[in-house]
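K.L.:
Sharing final19.txt here; it has compact mmCIF, C-alpha atoms.
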```txt
# COMPACT_ATOMS: atom_id res chain seq x y z
CA MET K 186 87.74 -78.02 -11.14
CA ARG K 187 86.05 -78.34 -14.45
CA THR K 188 83.05 -79.99 -12.79
CA THR K 189 82.61 -77.08 -10.36
CA SER K 190 82.76 -74.52 -13.13
CA ARG K 191 80.12 -76.35 -15.11
CA ILE K 192 77.77 -76.42 -12.09
CA LEU K 193 78.14 -72.70 -11.46
CA PHE K 194 77.69 -71.87 -15.14
CA GLY K 195 74.42 -73.84 -15.22
CA ALA K 196 73.13 -72.30 -11.98
CA VAL K 197 73.40 -68.69 -13.13
CA PRO K 198 70.69 -68.94 -15.78
CA LEU K 199 68.45 -70.76 -13.32
CA LEU K 200 68.80 -67.98 -10.73
CA ALA K 201 67.98 -65.38 -13.36
CA VAL K 202 64.77 -67.19 -14.28
CA ILE K 203 63.74 -67.46 -10.63
CA ALA K 204 64.38 -63.77 -10.02
CA ALA K 205 62.34 -62.77 -13.05
CA GLY K 206 59.45 -64.95 -11.86
CA VAL K 207 59.52 -63.37 -8.41
CA LEU K 208 59.48 -59.86 -9.84
CA ALA K 209 56.61 -60.70 -12.17
CA GLY K 210 54.59 -62.22 -9.33
CA GLY K 211 55.15 -59.21 -7.12
CA ALA K 212 54.01 -56.85 -9.85
CA SER K 213 50.85 -58.85 -10.49
CA ALA K 214 50.05 -58.86 -6.76
CA GLN K 215 49.79 -55.01 -6.64
CA PRO K 216 46.06 -54.02 -7.01
CA ASN K 217 45.00 -51.27 -9.42
CA GLN K 218 44.33 -48.06 -7.43
CA ASP K 219 41.30 -46.35 -9.06
CA PRO K 220 40.68 -42.71 -8.11
CA PRO K 221 37.97 -42.30 -5.44
CA GLN K 222 34.47 -41.29 -6.50
CA SER K 223 32.82 -38.46 -4.59
CA GLY K 224 29.25 -39.55 -5.42
CA ASP K 225 28.18 -35.87 -5.19
CA PRO K 226 28.65 -33.30 -7.96
CA ARG K 227 29.12 -30.64 -5.28
CA ALA K 228 32.21 -32.31 -3.80
CA THR K 229 35.74 -33.29 -4.87
CA ALA K 230 37.02 -36.69 -3.70
CA VAL K 231 40.64 -36.96 -2.52
CA ALA K 232 42.42 -40.26 -1.68
CA GLY K 233 44.07 -40.59 1.71
CA ASN K 234 43.35 -39.16 5.12
CA ILE K 235 43.13 -35.69 6.61
CA ASP K 236 42.05 -34.54 10.05
CA ILE K 237 42.30 -31.69 12.49
CA GLY K 238 45.48 -31.71 14.50
CA GLN K 239 47.91 -32.75 11.83
CA PRO K 240 50.72 -30.30 11.05
CA GLY K 241 49.66 -27.18 9.24
CA ASN K 242 46.20 -25.87 8.50
CA ALA K 243 43.95 -28.67 7.27
CA CYS K 244 41.69 -26.18 5.44
CA ALA K 245 44.66 -24.67 3.60
CA THR K 246 45.83 -28.22 2.71
CA VAL K 247 42.56 -29.00 0.92
CA GLY K 248 42.32 -25.50 -0.61
CA LEU K 249 39.53 -24.04 1.57
CA PRO K 250 39.70 -20.59 3.21
CA GLY K 251 39.49 -20.23 6.97
CA THR K 252 40.49 -22.38 9.92
CA GLU K 253 39.39 -25.97 10.66
CA ALA K 254 36.90 -26.47 13.49
CA THR K 255 34.18 -28.79 14.72
CA LEU K 256 30.59 -27.66 15.27
CA SER K 257 28.68 -27.96 18.53
CA GLY K 258 25.31 -27.21 16.98
CA GLY K 259 23.52 -26.18 13.79
CA PHE K 260 23.83 -29.60 12.09
CA THR K 261 22.50 -33.21 12.02
CA ASP K 262 24.67 -36.34 11.50
CA ASP K 263 23.25 -39.87 11.10
CA GLY K 264 26.62 -41.54 10.44
CA THR K 265 26.30 -41.39 6.65
CA TYR K 266 24.78 -38.02 5.80
CA ILE K 267 25.33 -34.58 7.36
CA ASP K 268 22.98 -31.55 7.12
CA ILE K 269 24.52 -28.15 7.93
CA THR K 270 21.73 -25.79 9.05
CA ALA K 271 23.38 -22.78 10.75
CA ASN K 272 26.64 -20.84 11.05
CA PRO K 273 28.23 -20.52 14.49
CA ASP K 274 28.09 -17.10 16.14
CA GLY K 275 30.63 -14.67 14.72
CA SER K 276 31.78 -17.02 11.94
CA GLN K 277 30.75 -18.24 8.51
CA ILE K 278 31.28 -21.75 7.16
CA SER K 279 33.47 -21.61 4.05
CA GLY K 280 33.67 -25.39 3.40
CA VAL K 281 33.24 -28.91 4.83
CA VAL K 282 35.55 -31.99 4.74
CA VAL K 283 33.94 -35.44 5.20
CA LYS K 284 36.23 -38.50 5.65
CA GLY K 285 35.14 -42.11 5.17
CA GLY K 286 36.93 -45.24 3.88
CA ASP K 287 40.24 -44.50 2.16
CA ALA K 288 39.29 -40.98 0.94
CA TYR K 289 37.48 -37.80 1.85
CA ASN K 290 35.11 -35.36 0.12
CA VAL K 291 35.88 -31.64 0.05
CA TYR K 292 32.79 -29.42 -0.10
CA PRO K 293 33.31 -25.70 -0.88
CA ALA K 294 30.81 -23.04 0.23
CA LEU K 295 27.43 -24.08 -1.23
CA GLY K 296 25.57 -20.77 -0.91
CA ALA K 297 22.80 -20.05 1.54
CA LEU K 298 22.19 -22.58 4.32
CA PRO K 299 21.02 -25.27 4.81
CA TRP K 300 23.47 -27.62 3.04
CA PRO K 301 21.83 -31.09 3.05
CA ASP K 302 23.13 -34.64 2.47
CA LEU K 303 26.91 -34.13 2.74
CA HIS K 304 28.76 -37.50 2.80
CA ALA K 305 32.09 -39.31 2.32
CA PRO K 306 33.26 -40.73 -1.06
CA LEU K 307 31.65 -43.91 -2.40
CA ASN K 308 32.89 -47.33 -1.25
CA ALA K 309 33.15 -50.53 -3.37
CA SER K 310 29.37 -51.06 -3.18
CA GLY K 311 28.72 -47.70 -4.86
CA LYS K 312 27.20 -46.15 -1.73
CA PRO K 313 28.68 -43.45 0.53
CA ALA K 314 31.13 -44.88 3.02
CA ALA K 315 30.40 -44.56 6.72
CA ILE K 316 31.70 -41.28 8.12
CA SER K 317 34.83 -41.64 10.23
CA HIS K 318 35.18 -37.91 11.00
CA TRP K 319 34.42 -34.49 9.49
CA PHE K 320 35.18 -30.83 10.13
CA VAL K 321 34.34 -27.39 8.79
CA CYS K 322 36.42 -24.40 7.76
CA LEU K 323 35.38 -21.10 9.36
CA THR K 324 36.03 -17.48 8.44
CA PRO K 325 35.23 -14.64 10.87
CA VAL K 326 32.29 -12.37 10.14
CA THR K 327 33.27 -8.71 10.17
CA THR K 328 30.59 -6.31 11.36
CA THR K 329 30.99 -2.71 10.29
CA THR K 330 29.37 -0.15 12.57
CA THR K 331 28.83 3.32 11.19
CA THR K 332 28.38 6.09 13.76
CA THR K 333 26.78 9.31 12.61
CA THR K 334 27.26 12.39 14.81
CA THR K 335 24.81 15.23 14.36
CA THR K 336 25.82 18.66 15.68
CA SER K 337 23.09 21.19 16.34
CA ASP K 338 23.85 24.93 16.62
CA THR K 339 21.38 26.57 19.02
CA THR K 340 20.99 30.37 18.94
CA THR K 341 19.29 32.07 21.94
CA THR K 342 17.73 35.51 21.39
CA THR K 343 16.80 37.63 24.44
CA THR K 344 14.25 40.44 23.96
CA VAL K 345 13.88 43.12 26.66
CA GLY K 346 10.50 44.79 26.79
CA THR K 347 6.87 44.09 27.38
CA THR K 348 5.67 40.75 26.23
CA GLN K 349 2.38 41.04 24.50
CA PRO K 350 0.08 38.07 24.76
CA THR K 351 -0.51 36.29 21.54
CA VAL K 352 -4.15 36.09 20.61
CA THR K 353 -5.03 33.33 18.28
CA THR K 354 -8.23 33.86 16.40
CA THR K 355 -9.86 30.84 14.97
CA ALA K 356 -12.08 31.62 12.06
CA THR K 357 -15.21 29.56 11.93
CA THR K 358 -16.63 29.03 8.54
CA VAL K 359 -20.42 29.13 8.60
CA PRO K 360 -21.93 27.27 5.72
CA THR K 361 -23.95 29.57 3.49
CA THR K 362 -27.37 28.36 2.50
CA THR K 363 -28.72 29.83 -0.66
CA THR K 364 -32.51 29.77 -0.93
CA ALA K 365 -33.96 30.28 -4.32
CA VAL K 366 -36.93 32.68 -4.08
CA PRO K 367 -39.39 32.15 -6.87
CA VAL K 368 -40.02 35.29 -8.85
CA ILE K 369 -43.69 35.85 -9.52
CA THR K 370 -44.32 38.04 -12.49
CA THR K 371 -47.78 39.60 -12.57
CA THR K 372 -48.95 41.13 -15.73
CA ALA K 373 -51.53 43.80 -15.05
CA PRO K 374 -54.41 43.68 -17.44
CA LEU K 375 -54.41 46.51 -19.87
CA VAL K 376 -57.28 48.91 -19.07
CA VAL K 377 -58.44 50.86 -22.01
CA ILE K 378 -60.15 54.07 -20.94
CA THR K 379 -62.60 55.20 -23.52
CA PRO K 380 -63.33 58.90 -23.22
CA THR K 381 -67.01 59.62 -22.55
CA THR K 382 -68.49 62.27 -24.71
CA THR K 383 -71.40 64.20 -23.14
CA THR K 384 -73.82 65.55 -25.63
CA LYS K 385 -75.99 68.39 -24.45
CA ALA K 386 -79.50 68.20 -25.76
CA ALA K 387 -80.36 71.13 -27.93
CA GLY K 388 -83.36 73.30 -26.99
CA ALA K 389 -86.72 72.34 -28.32
CA VAL K 390 -87.41 73.80 -31.61
CA VAL K 391 -91.00 74.45 -32.54
CA VAL K 392 -91.53 74.07 -36.12
CA PRO K 393 -94.33 76.27 -37.29
CA GLY K 394 -97.14 74.41 -38.84
CA SER K 395 -96.43 71.13 -36.97
CA GLY K 396 -99.51 70.05 -34.99
CA GLU K 397 -97.47 68.36 -32.12
CA GLY K 398 -97.22 71.14 -29.39
CA LEU K 399 -93.94 71.39 -27.31
CA ALA K 400 -90.99 69.48 -28.40
CA SER K 401 -89.45 66.93 -25.94
CA THR K 402 -86.53 68.47 -24.07
CA GLY K 403 -85.46 65.28 -22.28
CA PHE K 404 -86.40 66.59 -18.74
CA ASP K 405 -87.29 63.79 -16.19
CA GLY K 406 -87.64 65.75 -12.82
CA TRP K 407 -91.44 65.77 -12.49
CA TRP K 408 -91.34 64.46 -8.88
CA LEU K 409 -89.59 67.64 -7.79
CA LEU K 410 -92.47 69.71 -9.13
CA VAL K 411 -95.03 67.54 -7.35
CA ALA K 412 -93.19 67.86 -4.05
CA GLY K 413 -92.94 71.63 -4.38
CA LEU K 414 -96.63 71.99 -5.09
CA SER K 415 -97.48 69.84 -2.08
CA LEU K 416 -95.43 72.04 0.21
CA LEU K 417 -97.15 75.17 -1.12
CA ALA K 418 -100.58 73.65 -0.50
CA ALA K 419 -99.67 72.74 3.09
CA GLY K 420 -98.45 76.30 3.78
CA SER K 421 -101.58 77.82 2.42
CA ALA K 422 -103.74 75.55 4.57
CA PHE K 423 -101.68 76.50 7.65
CA LEU K 424 -102.24 80.17 7.05
CA VAL K 425 -105.94 79.77 6.38
CA SER K 426 -106.92 77.45 9.30
CA PRO K 427 -106.65 78.95 12.88
CA LYS K 428 -107.39 75.61 14.50
CA LEU K 429 -104.45 74.04 12.88
CA ARG K 430 -102.22 76.81 14.18
CA LYS K 431 -103.54 76.33 17.74
CA LEU K 432 -102.97 72.62 17.51
CA LEU K 433 -99.42 73.16 16.46
CA ARG K 434 -98.79 75.73 19.23
CA LYS K 435 -99.79 73.23 21.96
```
Give the structure from this file in structure tokens form.

P.N.:
Amino acid sequence: MRTTSRILFGAVPLLAVIAAGVLAGGASAQPNQDPPQSGDPRATAVAGNIDIGQPGNACATVGLPGTEATLSGGFTDDGTYIDITANPDGSQISGVVVKGGDAYNVYPALGALPWPDLHAPLNASGKPAAISHWFVCLTPVTTTTTTTTTTSDTTTTTTVGTTQPTVTTTATTVPTTTTAVPVITTTAPLVVITPTTTTKAAGAVVVPGSGEGLASTGFDGWWLLVAGLSLLAAGSAFLVSPKLRKLLRK
């Protein structure tokens, strides 16, 4: 009995040492789980998996507005990088989720399209992991249509009487030509009329005792006296000569 008790008493410490070694080995076998690296300052990396079809709204789970969906166009995907180039009709992309490896990147709205080079978090090599799947979150686009109604009030006036035709006179403007007429100024020469003074010659004055005969009276009509004397001589000859009278009578 004593021998059995001693064996059991010695075995208890041995079992405790073995159990401690097993626990220590199991703890050392657990790898350190570092947080995933997005590799893109625009994205937030999240460990684990997410996809369309799991319970709840995947977009709400990752904190994005809208509803998860896949695109049929408006993007390119080479297996590592995705370029989003257009919104689908009637909707607007509010975010993108890209899964690869053991984590996924969550991209919020990045402003005006296009959104280039979207990818999954980095793998152990420091490069983006190959894309396993991705989806977008969509919000509907609301179009507001404003209808403006214009009401026109039309007033009709009826006039009873004789309608006079309307005559429209079109005034034609004739250009006025102004001709400058040169003004000629003539200065008449000044005529100075000098009054003529007629001096009547005084009668000849005979000074007694002067030995010069008649004084000069200024008379110059001697040809009249000669002509008169000639006419008298012809008349006398006519009266005296009968032959001359007969000749003139024939």

K.L.:
Leaving out Ser257 of chain K and any residue of its chain fewer than 5 positions from it, which residues lie within 12 Å of it when counting all atoms listed in the file, given as a ChimeraX atom specification?

P.N.:
/K:262,269-274,320-321

K.L.:
Around all of segment 236-248 of chain K's listed atoms, make the axis-aligned box with 6 Å on each side and tell me centre and edge lengths in Å to one decimal, as AutoDock Vina command-line options.

P.N.:
```
--center_x 46.2 --center_y -29.6 --center_z 6.9 --size_x 21.0 --size_y 21.9 --size_z 27.1
```

K.L.:
May I ask for the distance between atom CA of Pro293 of chain K and atom CA of Tyr266 of chain K, given in Å to one decimal place?

P.N.:
16.4 Å

K.L.:
What's the separation between atom CA of His304 of chain K and atom CA of Asp236 of chain K, in Å to one decimal place?

P.N.:
15.4 Å

K.L.:
Which of these residues is nearest to Asp268 of chain K, using all atoms listed in the file: K:Leu295, K:Leu303, K:Ala288, K:Ala245?

P.N.:
K:Leu303

K.L.:
Fewer than 5 positions away in the same chain doesn't count, so skip those; otherwise give me all residues within 7 Å of Gln277 of chain K, counting only C-alpha atoms, as number ranges by chain.

P.N.:
K: 272, 323-326
